[in-house]
Amino acid sequence: MSSLNLDDFTDLIERPDGGVRRDAEARRERQIVPPGALGRLDDLGEWLAAAQSAVPVRPVERPRVVLFAGDHGVAELGVSARPAGGAGELVREVLEGGRPVSVLARRLGVSVRIVDMALDCDPEALPEDVVRYRVRRGSGRIDIEDALTPEEAEAAFRAGVAVADEEADSGTDLVVLGDVSVGGTTAAGVLVAALCGVDASVVTGRGGLAIDDLAWMRKCAAIRDALRRARPVLGDQLRLLAAVGGADLAAMTGFLLQSAVRKLPVVLDGVVTAACALVAQRIAFRAPDWWLAAHDSGEPGQAKALDRMALEPLLTQGVTVGEGAGGLLALPLVQAAAALAAELPEKPKESEEPVESEVSEAAAEQ
């Protein structure tokens, strides 16, 4: 019998401190630059102050990229421009410093952590700290079978919770969350379509490495078939992740919820993280208050999920590469907002007593 009760997250997750946010807004009104003149940077600074429960807001000094990795059996249908089982190669490229996220992380001075949940490769081919949470080798083909067994789904979810605790305990003050997967956007499309009650065509995008029209039609059909399997288990989010998600998506869902419990802000990257966030919102409705949407990738499923959670992307750059790259692009904005909120001087207070020269001038006029 499982001891995991998802309803506990509803009780454990609190909203960011509203009183602190009001204090941050009041401080902003006293600063020399008029409120609103910095656009969304004002809102960002106030959100971060509430998340930190600190006025003035503290700088974001220990951000971290956390990437959950996995291969999806549905990729066998030709729904991705990358070969099925190819996520392990992407992970190696990230570790070797040759992927966009690697370049951006070096430039910004941010460390990258990869968590293998279901890569379809020999675990000995990757470092021990990458593979230690692996649940299985590849997730099932969701159009005809479950991605995971119930036990595997719970193990993956708990792994995500454990990773969130590790990051919070180590002093990480903000996480950029992303995925490294092949077939992951197809699973994400199923989750978004199921939870938003829309057809497959509404959420089917072109993926990280753009697919042609024929592949798009195969992807749309796979999402349609998986949707039939998803609808009967919509009321049980862990069963939903087992049926049509995958180990990496289940882990990301657990990570998002536990990060909210630990009051650790998270920046969402692309459509896969948005889909997991949508599942997490169904479990604990206050959780999205701890997340930022980094960018609009152009994926229709991401747009649908973010709209449902009322999260507005910070950037619109059309970055579809995944792996946290778009999320990292938003990090300097968050850091800039924190710096401006904390370091802009306040307007000098008007003196209540007239200065000596003013008194003399008034006496002379009399």
# chains A, B, ... in the order shown; residues from 1 in each chain; ligands from 1

$ residues_around --residues "segment 6-8 of chain A" --least-positions-apart "2" --cutoff "8 Å" --atoms "only C-alpha atoms" --output "list in words"
Leu4, Thr10, Asp11, Leu12, Ile283 and Ala284 of chain A

$ closest_residue --among "A:Leu67, A:Ala75, A:Val192, A:Met309" --to "Asp120 of chain A" --atoms "only C-alpha atoms"
A:Ala75

$ select_by_dssp --residues "segment 120-314 of chain A" --states "alpha helix (DSSP H)" --output "ChimeraX atom specification"
/A:128-131,150-169,184-196,200-203,213-230,237-244,247-261,271-283,300-309

$ closest_residue --among "A:Ala338, A:Val203, A:Leu264, A:Val65" --to "Asp173 of chain A" --atoms "only C-alpha atoms"
A:Leu264

$ closest_residue --among "A:Gly324, A:Val79, A:Ala164, A:Gly39" --to "Arg206 of chain A" --atoms "only C-alpha atoms"
A:Val79

$ residues_around --residues "Ala287 of chain A" --least-positions-apart "6" --cutoff "8 Å" --atoms "only C-alpha atoms" --output "list in words"
Ile13, Glu14, Arg15, Leu256, Leu257, Ala260, Ala280 and Gln281 of chain A

$ closest_atom_pairs --of "segment 203-290 of chain A" --to "segment 141-158 of chain A" --cutoff "10 Å" --atoms "only C-alpha atoms" --output "CSV"
residue,atom,partner,partner_atom,distance
A:Ala221,CA,A:Asp143,CA,8.8
A:Ala222,CA,A:Asp143,CA,5.6
A:Ile223,CA,A:Asp143,CA,7.1
A:Arg224,CA,A:Asp143,CA,8.0
A:Asp225,CA,A:Asp143,CA,5.1
A:Ala226,CA,A:Asp143,CA,4.2
A:Leu227,CA,A:Asp143,CA,8.0
A:Arg228,CA,A:Asp143,CA,8.5
A:Arg229,CA,A:Asp143,CA,7.6
A:Ala230,CA,A:Ile142,CA,9.3
A:Leu238,CA,A:Ala153,CA,6.7
A:Arg239,CA,A:Pro150,CA,6.7
A:Leu240,CA,A:Asp146,CA,9.3
A:Leu241,CA,A:Ala153,CA,6.8
A:Ala242,CA,A:Leu148,CA,4.6
A:Ala243,CA,A:Asp146,CA,4.2
A:Val244,CA,A:Ile142,CA,5.2
A:Gly245,CA,A:Ala147,CA,6.0
A:Gly246,CA,A:Ala147,CA,5.2
A:Ala247,CA,A:Ala156,CA,5.4
A:Asp248,CA,A:Ala156,CA,7.2
A:Leu249,CA,A:Ala156,CA,8.4
A:Ala250,CA,A:Phe157,CA,5.0
A:Ala251,CA,A:Phe157,CA,4.4
A:Met252,CA,A:Phe157,CA,7.4
A:Thr253,CA,A:Phe157,CA,6.7
A:Gly254,CA,A:Phe157,CA,4.7
A:Phe255,CA,A:Phe157,CA,7.6
A:Leu257,CA,A:Phe157,CA,9.8
A:Gln258,CA,A:Arg158,CA,9.6
